[in-house]
$ cat final_0.pdb   # PDB, C-alpha atoms, pLDDT in the B column
ATOM      1  CA  MET A   1     -56.468-148.634 -84.976  1.00 61.00           C
ATOM      2  CA  THR A   2     -57.214-147.238 -88.401  1.00 83.00           C
ATOM      3  CA  ALA A   3     -59.033-149.789 -90.506  1.00 90.00           C
ATOM      4  CA  PRO A   4     -58.563-150.088 -94.265  1.00 95.00           C
ATOM      5  CA  SER A   5     -61.511-149.429 -96.530  1.00 96.00           C
ATOM      6  CA  LYS A   6     -63.399-152.435 -97.857  1.00 97.00           C
ATOM      7  CA  GLN A   7     -61.826-151.841-101.281  1.00 98.00           C
ATOM      8  CA  VAL A   8     -58.266-151.692 -99.895  1.00 98.00           C
ATOM      9  CA  ARG A   9     -58.851-154.840 -97.831  1.00 98.00           C
ATOM     10  CA  GLU A  10     -60.149-156.713-100.904  1.00 98.00           C
ATOM     11  CA  GLN A  11     -57.280-155.487-103.126  1.00 98.00           C
ATOM     12  CA  THR A  12     -54.773-156.655-100.516  1.00 98.00           C
ATOM     13  CA  TYR A  13     -56.383-160.092-100.110  1.00 98.00           C
ATOM     14  CA  LYS A  14     -56.531-160.518-103.884  1.00 98.00           C
ATOM     15  CA  ARG A  15     -52.882-159.488-104.310  1.00 98.00           C
ATOM     16  CA  ASP A  16     -51.846-162.046-101.667  1.00 98.00           C
ATOM     17  CA  GLY A  17     -53.956-164.839-103.165  1.00 97.00           C
ATOM     18  CA  TYR A  18     -56.372-164.922-100.201  1.00 98.00           C
ATOM     19  CA  ARG A  19     -53.652-166.627 -98.140  1.00 98.00           C
ATOM     20  CA  CYS A  20     -51.624-165.646 -95.107  1.00 98.00           C
ATOM     21  CA  VAL A  21     -48.199-164.508 -96.375  1.00 98.00           C
ATOM     22  CA  SER A  22     -46.591-166.170 -93.358  1.00 97.00           C
ATOM     23  CA  CYS A  23     -48.150-169.638 -93.062  1.00 97.00           C
ATOM     24  CA  GLY A  24     -50.404-169.946 -96.120  1.00 97.00           C
ATOM     25  CA  ALA A  25     -53.651-170.365 -94.176  1.00 98.00           C
ATOM     26  CA  GLN A  26     -56.807-169.396 -96.068  1.00 97.00           C
ATOM     27  CA  TRP A  27     -58.966-168.801 -92.993  1.00 97.00           C
ATOM     28  CA  PRO A  28     -59.478-166.888 -90.737  1.00 97.00           C
ATOM     29  CA  LEU A  29     -57.859-163.961 -92.562  1.00 98.00           C
ATOM     30  CA  SER A  30     -57.171-160.455 -91.336  1.00 97.00           C
ATOM     31  CA  TRP A  31     -55.603-157.329 -92.755  1.00 97.00           C
ATOM     32  CA  GLN A  32     -52.163-156.860 -91.185  1.00 96.00           C
ATOM     33  CA  HIS A  33     -50.942-153.257 -90.802  1.00 95.00           C
ATOM     34  CA  ARG A  34     -47.299-153.234 -91.853  1.00 96.00           C
ATOM     35  CA  SER A  35     -46.659-150.033 -89.881  1.00 90.00           C
ATOM     36  CA  ALA A  36     -47.751-149.628 -86.288  1.00 75.00           C
ATOM     37  CA  SER A  37     -51.138-147.954 -86.126  1.00 62.00           C
ATOM     38  CA  GLY A  38     -52.432-148.719 -82.647  1.00 54.00           C
ATOM     39  CA  HIS A  39     -53.057-146.393 -79.721  1.00 44.00           C
ATOM     40  CA  GLY A  40     -55.015-143.776 -81.599  1.00 43.00           C
ATOM     41  CA  GLY A  41     -54.401-144.810 -85.177  1.00 48.00           C
ATOM     42  CA  ARG A  42     -52.621-142.829 -87.853  1.00 53.00           C
ATOM     43  CA  GLY A  43     -54.319-139.522 -87.114  1.00 58.00           C
ATOM     44  CA  LYS A  44     -56.832-137.518 -89.083  1.00 63.00           C
ATOM     45  CA  LYS A  45     -54.204-135.916 -91.326  1.00 66.00           C
ATOM     46  CA  ALA A  46     -52.554-139.188 -92.336  1.00 74.00           C
ATOM     47  CA  PRO A  47     -53.002-140.306 -95.932  1.00 85.00           C
ATOM     48  CA  ALA A  48     -55.614-142.988 -96.555  1.00 91.00           C
ATOM     49  CA  LEU A  49     -54.399-146.574 -96.246  1.00 95.00           C
ATOM     50  CA  THR A  50     -53.470-148.366 -99.473  1.00 97.00           C
ATOM     51  CA  PRO A  51     -52.828-152.053-100.194  1.00 98.00           C
ATOM     52  CA  ALA A  52     -49.080-151.360 -99.782  1.00 98.00           C
ATOM     53  CA  ASP A  53     -49.745-150.494 -96.133  1.00 97.00           C
ATOM     54  CA  GLY A  54     -51.029-153.985 -95.366  1.00 97.00           C
ATOM     55  CA  LEU A  55     -50.699-157.699 -95.933  1.00 97.00           C
ATOM     56  CA  THR A  56     -52.961-160.693 -95.685  1.00 98.00           C
ATOM     57  CA  ALA A  57     -52.337-162.609 -92.477  1.00 98.00           C
ATOM     58  CA  CYS A  58     -54.342-165.239 -90.675  1.00 98.00           C
ATOM     59  CA  ILE A  59     -55.593-164.117 -87.283  1.00 97.00           C
ATOM     60  CA  PRO A  60     -53.103-166.322 -85.356  1.00 98.00           C
ATOM     61  CA  CYS A  61     -50.078-165.049 -87.331  1.00 97.00           C
ATOM     62  CA  ASN A  62     -51.287-161.448 -87.155  1.00 96.00           C
ATOM     63  CA  GLY A  63     -51.245-161.651 -83.367  1.00 95.00           C
ATOM     64  CA  ARG A  64     -47.881-163.397 -83.331  1.00 96.00           C
ATOM     65  CA  PHE A  65     -46.328-160.624 -85.473  1.00 95.00           C
ATOM     66  CA  GLU A  66     -46.477-158.551 -82.280  1.00 90.00           C
ATOM     67  CA  SER A  67     -44.935-161.237 -80.075  1.00 94.00           C
ATOM     68  CA  ASP A  68     -42.847-164.314 -80.900  1.00 95.00           C
ATOM     69  CA  LEU A  69     -42.806-163.674 -84.693  1.00 94.00           C
ATOM     70  CA  GLN A  70     -41.976-159.969 -84.448  1.00 93.00           C
ATOM     71  CA  GLU A  71     -38.319-160.245 -85.522  1.00 92.00           C
ATOM     72  CA  LEU A  72     -39.252-162.581 -88.386  1.00 94.00           C
ATOM     73  CA  ALA A  73     -42.005-160.159 -89.413  1.00 95.00           C
ATOM     74  CA  LEU A  74     -39.471-157.309 -89.513  1.00 94.00           C
ATOM     75  CA  HIS A  75     -36.954-159.405 -91.468  1.00 93.00           C
ATOM     76  CA  ASN A  76     -39.591-160.337 -94.048  1.00 95.00           C
ATOM     77  CA  GLY A  77     -41.088-156.863 -94.452  1.00 96.00           C
ATOM     78  CA  TRP A  78     -44.394-157.965 -92.918  1.00 96.00           C
ATOM     79  CA  LYS A  79     -43.939-155.283 -90.261  1.00 95.00           C
ATOM     80  CA  LEU A  80     -42.158-151.956 -90.612  1.00 94.00           C
ATOM     81  CA  ARG A  81     -40.348-150.153 -87.823  1.00 88.00           C
ATOM     82  CA  ARG A  82     -41.735-146.867 -86.572  1.00 80.00           C
ATOM     83  CA  HIS A  83     -40.250-143.642 -87.851  1.00 76.00           C
ATOM     84  CA  ILE A  84     -38.633-145.004 -90.995  1.00 82.00           C
ATOM     85  CA  LEU A  85     -38.138-142.544 -93.828  1.00 88.00           C
ATOM     86  CA  MET A  86     -39.548-144.942 -96.428  1.00 93.00           C
ATOM     87  CA  THR A  87     -43.168-145.468 -97.365  1.00 94.00           C
ATOM     88  CA  ALA A  88     -44.739-148.930 -97.390  1.00 95.00           C
ATOM     89  CA  ASP A  89     -44.713-149.025-101.199  1.00 97.00           C
ATOM     90  CA  GLN A  90     -40.893-148.667-101.071  1.00 97.00           C
ATOM     91  CA  VAL A  91     -40.364-151.697 -98.810  1.00 97.00           C
ATOM     92  CA  PRO A  92     -40.782-155.207-100.263  1.00 98.00           C
ATOM     93  CA  PHE A  93     -42.131-158.196 -98.374  1.00 97.00           C
ATOM     94  CA  TYR A  94     -41.480-161.919 -98.561  1.00 97.00           C
ATOM     95  CA  ASP A  95     -44.407-164.148 -99.554  1.00 97.00           C
ATOM     96  CA  ARG A  96     -43.839-167.688 -98.308  1.00 96.00           C
ATOM     97  CA  ASN A  97     -46.595-169.013-100.577  1.00 94.00           C
ATOM     98  CA  LEU A  98     -44.806-167.812-103.705  1.00 95.00           C
ATOM     99  CA  GLY A  99     -41.299-168.195-102.301  1.00 95.00           C
ATOM    100  CA  GLY A 100     -40.143-164.733-103.267  1.00 97.00           C
ATOM    101  CA  TYR A 101     -39.948-161.028-102.522  1.00 97.00           C
ATOM    102  CA  PHE A 102     -42.475-158.546-103.849  1.00 98.00           C
ATOM    103  CA  LEU A 103     -42.739-154.772-103.885  1.00 98.00           C
ATOM    104  CA  PRO A 104     -46.361-153.764-103.256  1.00 98.00           C
ATOM    105  CA  ASP A 105     -47.859-150.749-104.951  1.00 97.00           C
ATOM    106  CA  THR A 106     -50.691-148.514-103.851  1.00 97.00           C
ATOM    107  CA  GLU A 107     -53.061-149.974-106.450  1.00 97.00           C
ATOM    108  CA  GLY A 108     -53.038-153.544-105.112  1.00 97.00           C
ATOM    109  CA  ARG A 109     -50.359-155.129-107.276  1.00 97.00           C
ATOM    110  CA  ALA A 110     -47.052-156.679-106.233  1.00 97.00           C
ATOM    111  CA  HIS A 111     -43.951-156.700-108.381  1.00 98.00           C
ATOM    112  CA  ALA A 112     -41.448-159.559-108.071  1.00 98.00           C
ATOM    113  CA  MET A 113     -37.963-158.582-106.948  1.00 98.00           C
ATOM    114  CA  LYS A 114     -34.591-160.263-106.771  1.00 97.00           C
ATOM    115  CA  ALA A 115     -33.805-161.343-103.212  1.00 95.00           C
ATOM    116  CA  ALA A 116     -30.592-159.306-102.888  1.00 95.00           C
ATOM    117  CA  GLU A 117     -32.313-156.064-103.912  1.00 96.00           C
ATOM    118  CA  ALA A 118     -35.317-156.766-101.659  1.00 96.00           C
ATOM    119  CA  ILE A 119     -33.117-157.531 -98.655  1.00 94.00           C
ATOM    120  CA  GLU A 120     -31.180-154.301 -99.268  1.00 94.00           C
ATOM    121  CA  LEU A 121     -34.433-152.301 -99.172  1.00 95.00           C
ATOM    122  CA  ILE A 122     -35.753-154.136 -96.094  1.00 94.00           C
ATOM    123  CA  THR A 123     -32.391-153.474 -94.404  1.00 93.00           C
ATOM    124  CA  ALA A 124     -32.630-149.773 -95.286  1.00 93.00           C
ATOM    125  CA  ALA A 125     -36.073-149.759 -93.639  1.00 92.00           C
ATOM    126  CA  GLY A 126     -34.566-151.243 -90.445  1.00 88.00           C
ATOM    127  CA  GLY A 127     -35.840-154.783 -90.896  1.00 82.00           C
ATOM    128  CA  TYR A 128     -32.481-156.519 -90.604  1.00 69.00           C
ATOM    129  CA  THR A 129     -31.226-154.719 -87.520  1.00 57.00           C
ATOM    130  CA  THR A 130     -30.601-156.626 -84.340  1.00 48.00           C
ATOM    131  CA  LYS A 131     -32.922-156.356 -81.376  1.00 49.00           C
ATOM    132  CA  GLY A 132     -32.250-153.258 -79.347  1.00 44.00           C
ATOM    133  CA  TRP A 133     -30.221-151.478 -82.058  1.00 38.00           C
ATOM    134  CA  ARG A 134     -31.015-147.818 -82.535  1.00 38.00           C
ATOM    135  CA  PRO A 135     -29.713-145.671 -85.394  1.00 37.00           C
ATOM    136  CA  ASP A 136     -28.813-142.872 -82.953  1.00 37.00           C
ATOM    137  CA  ALA A 137     -26.871-145.172 -80.582  1.00 32.00           C
TER
END
$ encode --input "final_0.pdb" --output "structure tokens"
Amino acid sequence: MTAPSKQVREQTYKRDGYRCVSCGAQWPLSWQHRSASGHGGRGKKAPALTPADGLTACIPCNGRFESDLQELALHNGWKLRRHILMTADQVPFYDRNLGGYFLPDTEGRAHAMKAAEAIELITAAGGYTTKGWRPDA
């Protein structure tokens, strides 16, 4: 798994208020990859990770984003489906601590968005599809 640089990790934690975007926990925190990056990472030719590529999650929630919270994570923009044609800085995420949707940028900031617009973008990224749905089906 490709790890973010120390600077990217710190920018992400700062943007998210040093709290898990899912449950609000302040410890133990981890950097959550929004896009799948396991089994060999992103590759040597992939662009460097930015704060838009990750979120602050506590270790328990981070693990649950791959299991029982996976659909919720997709719906909230905490995880992004593989092979989408959008970059992470084009897909907003929901922050439960702030009660709103935010579009992350590559510099470590997040811009508030209206819910309807955010949901439209998350839907375009495949976050609101039902389990098992495939665009080519």
$ resolve_selection --input "final_0.pdb" --expression "the PyMOL selection byres ((chain A and resi 59-70) around 6)" --output "list in words"
Pro28, Leu29, Ser30, Ala57, Cys58, Glu71, Leu72 and Ala73 of chain A
$ residues_around --input "final_0.pdb" --residues "Ala3 in chain A" --least-positions-apart "4" --cutoff "9 Å" --atoms "only C-alpha atoms" --output "number ranges by chain"
A: 9, 31, 33, 41, 49
$ residues_around --input "final_0.pdb" --residues "Lys114 in chain A" --least-positions-apart "3" --cutoff "10 Å" --atoms "all atoms listed in the file" --output "short mmCIF file (atom, residue, chain, number, x, y, z; two decimals) with C-alpha atoms, in the frame of the given file"
data_model
loop_
_atom_site.label_atom_id
_atom_site.label_comp_id
_atom_site.auth_asym_id
_atom_site.auth_seq_id
_atom_site.Cartn_x
_atom_site.Cartn_y
_atom_site.Cartn_z
CA GLY A 100 -40.14 -164.73 -103.27
CA TYR A 101 -39.95 -161.03 -102.52
CA PHE A 102 -42.48 -158.55 -103.85
CA GLU A 117 -32.31 -156.06 -103.91
CA ALA A 118 -35.32 -156.77 -101.66
CA ILE A 119 -33.12 -157.53 -98.66
#
$ closest_residue --input "final_0.pdb" --among "A:Val8, A:Leu103, A:Thr2, A:Thr56" --to "Ala25 in chain A" --atoms "all atoms listed in the file"
A:Thr56
$ atom_distance --input "final_0.pdb" --atom1 "CA of Arg34 in chain A" --atom2 "CA of Trp78 in chain A"
5.7 Å
$ closest_residue --input "final_0.pdb" --among "A:Gln11, A:Ser5, A:Thr123, A:Ser22" --to "Asp95 in chain A" --atoms "only C-alpha atoms"
A:Ser22
$ atom_distance --input "final_0.pdb" --atom1 "CA of Gln7 in chain A" --atom2 "CA of Leu55 in chain A"
13.7 Å
$ resolve_selection --input "final_0.pdb" --expression "the PyMOL selection byres ((chain A and resi 83) around 10)" --output "ChimeraX atom specification"
/A:35-36,80-82,84-86,125-126
$ write_last_selection --input "final_0.pdb" --atoms "C-alpha atoms" --output "PDB file, in the frame of the given file"
ATOM      1  CA  SER A  35     -46.659-150.033 -89.881  1.00 90.00           C
ATOM      2  CA  ALA A  36     -47.751-149.628 -86.288  1.00 75.00           C
ATOM      3  CA  LEU A  80     -42.158-151.956 -90.612  1.00 94.00           C
ATOM      4  CA  ARG A  81     -40.348-150.153 -87.823  1.00 88.00           C
ATOM      5  CA  ARG A  82     -41.735-146.867 -86.572  1.00 80.00           C
ATOM      6  CA  ILE A  84     -38.633-145.004 -90.995  1.00 82.00           C
ATOM      7  CA  LEU A  85     -38.138-142.544 -93.828  1.00 88.00           C
ATOM      8  CA  MET A  86     -39.548-144.942 -96.428  1.00 93.00           C
ATOM      9  CA  ALA A 125     -36.073-149.759 -93.639  1.00 92.00           C
ATOM     10  CA  GLY A 126     -34.566-151.243 -90.445  1.00 88.00           C
TER      11      GLY A 126
END
$ atom_distance --input "final_0.pdb" --atom1 "CA of Lys6 in chain A" --atom2 "CA of Phe93 in chain A"
22.0 Å
$ closest_residue --input "final_0.pdb" --among "A:Tyr18, A:Gly127, A:Ala46, A:Pro104" --to "Asn76 in chain A" --atoms "all atoms listed in the file"
A:Gly127
$ build_atoms --input "final_0.pdb" --residues "range 97-109 of chain A" --atoms "N, CA, C and O atoms" --output "mmCIF file, in the frame of the given file"
data_model
loop_
_atom_site.group_PDB
_atom_site.id
_atom_site.type_symbol
_atom_site.label_atom_id
_atom_site.label_comp_id
_atom_site.auth_asym_id
_atom_site.auth_seq_id
_atom_site.Cartn_x
_atom_site.Cartn_y
_atom_site.Cartn_z
ATOM 1 N N ASN A 97 -45.813 -168.197 -99.652
ATOM 2 C CA ASN A 97 -46.595 -169.013 -100.577
ATOM 3 C C ASN A 97 -45.952 -169.046 -101.962
ATOM 4 O O ASN A 97 -45.959 -170.069 -102.633
ATOM 5 N N LEU A 98 -45.419 -167.923 -102.381
ATOM 6 C CA LEU A 98 -44.806 -167.812 -103.705
ATOM 7 C C LEU A 98 -43.291 -167.971 -103.661
ATOM 8 O O LEU A 98 -42.642 -168.064 -104.697
ATOM 9 N N GLY A 99 -42.727 -167.990 -102.456
ATOM 10 C CA GLY A 99 -41.299 -168.195 -102.301
ATOM 11 C C GLY A 99 -40.452 -167.076 -102.875
ATOM 12 O O GLY A 99 -39.399 -167.331 -103.446
ATOM 13 N N GLY A 100 -40.919 -165.841 -102.733
ATOM 14 C CA GLY A 100 -40.143 -164.733 -103.267
ATOM 15 C C GLY A 100 -40.500 -163.411 -102.622
ATOM 16 O O GLY A 100 -41.412 -163.324 -101.800
ATOM 17 N N TYR A 101 -39.747 -162.383 -103.014
ATOM 18 C CA TYR A 101 -39.948 -161.028 -102.522
ATOM 19 C C TYR A 101 -40.751 -160.220 -103.534
ATOM 20 O O TYR A 101 -40.558 -160.371 -104.744
ATOM 21 N N PHE A 102 -41.603 -159.353 -103.006
ATOM 22 C CA PHE A 102 -42.475 -158.546 -103.849
ATOM 23 C C PHE A 102 -42.553 -157.126 -103.317
ATOM 24 O O PHE A 102 -42.603 -156.915 -102.113
ATOM 25 N N LEU A 103 -42.573 -156.173 -104.245
ATOM 26 C CA LEU A 103 -42.739 -154.772 -103.885
ATOM 27 C C LEU A 103 -44.196 -154.412 -104.144
ATOM 28 O O LEU A 103 -44.653 -154.445 -105.291
ATOM 29 N N PRO A 104 -44.946 -154.094 -103.076
ATOM 30 C CA PRO A 104 -46.361 -153.764 -103.256
ATOM 31 C C PRO A 104 -46.520 -152.334 -103.777
ATOM 32 O O PRO A 104 -45.694 -151.469 -103.491
ATOM 33 N N ASP A 105 -47.564 -152.121 -104.546
ATOM 34 C CA ASP A 105 -47.859 -150.749 -104.951
ATOM 35 C C ASP A 105 -49.173 -150.311 -104.326
ATOM 36 O O ASP A 105 -49.855 -151.093 -103.675
ATOM 37 N N THR A 106 -49.506 -149.069 -104.496
ATOM 38 C CA THR A 106 -50.691 -148.514 -103.851
ATOM 39 C C THR A 106 -51.981 -148.922 -104.537
ATOM 40 O O THR A 106 -53.059 -148.680 -104.007
ATOM 41 N N GLU A 107 -51.875 -149.563 -105.693
ATOM 42 C CA GLU A 107 -53.061 -149.974 -106.450
ATOM 43 C C GLU A 107 -53.469 -151.431 -106.201
ATOM 44 O O GLU A 107 -54.458 -151.897 -106.755
ATOM 45 N N GLY A 108 -52.685 -152.164 -105.426
ATOM 46 C CA GLY A 108 -53.038 -153.544 -105.112
ATOM 47 C C GLY A 108 -52.282 -154.583 -105.918
ATOM 48 O O GLY A 108 -52.675 -155.740 -105.965
ATOM 49 N N ARG A 109 -51.195 -154.171 -106.549
ATOM 50 C CA ARG A 109 -50.359 -155.129 -107.276
ATOM 51 C C ARG A 109 -49.069 -155.345 -106.495
ATOM 52 O O ARG A 109 -48.714 -154.548 -105.638
#
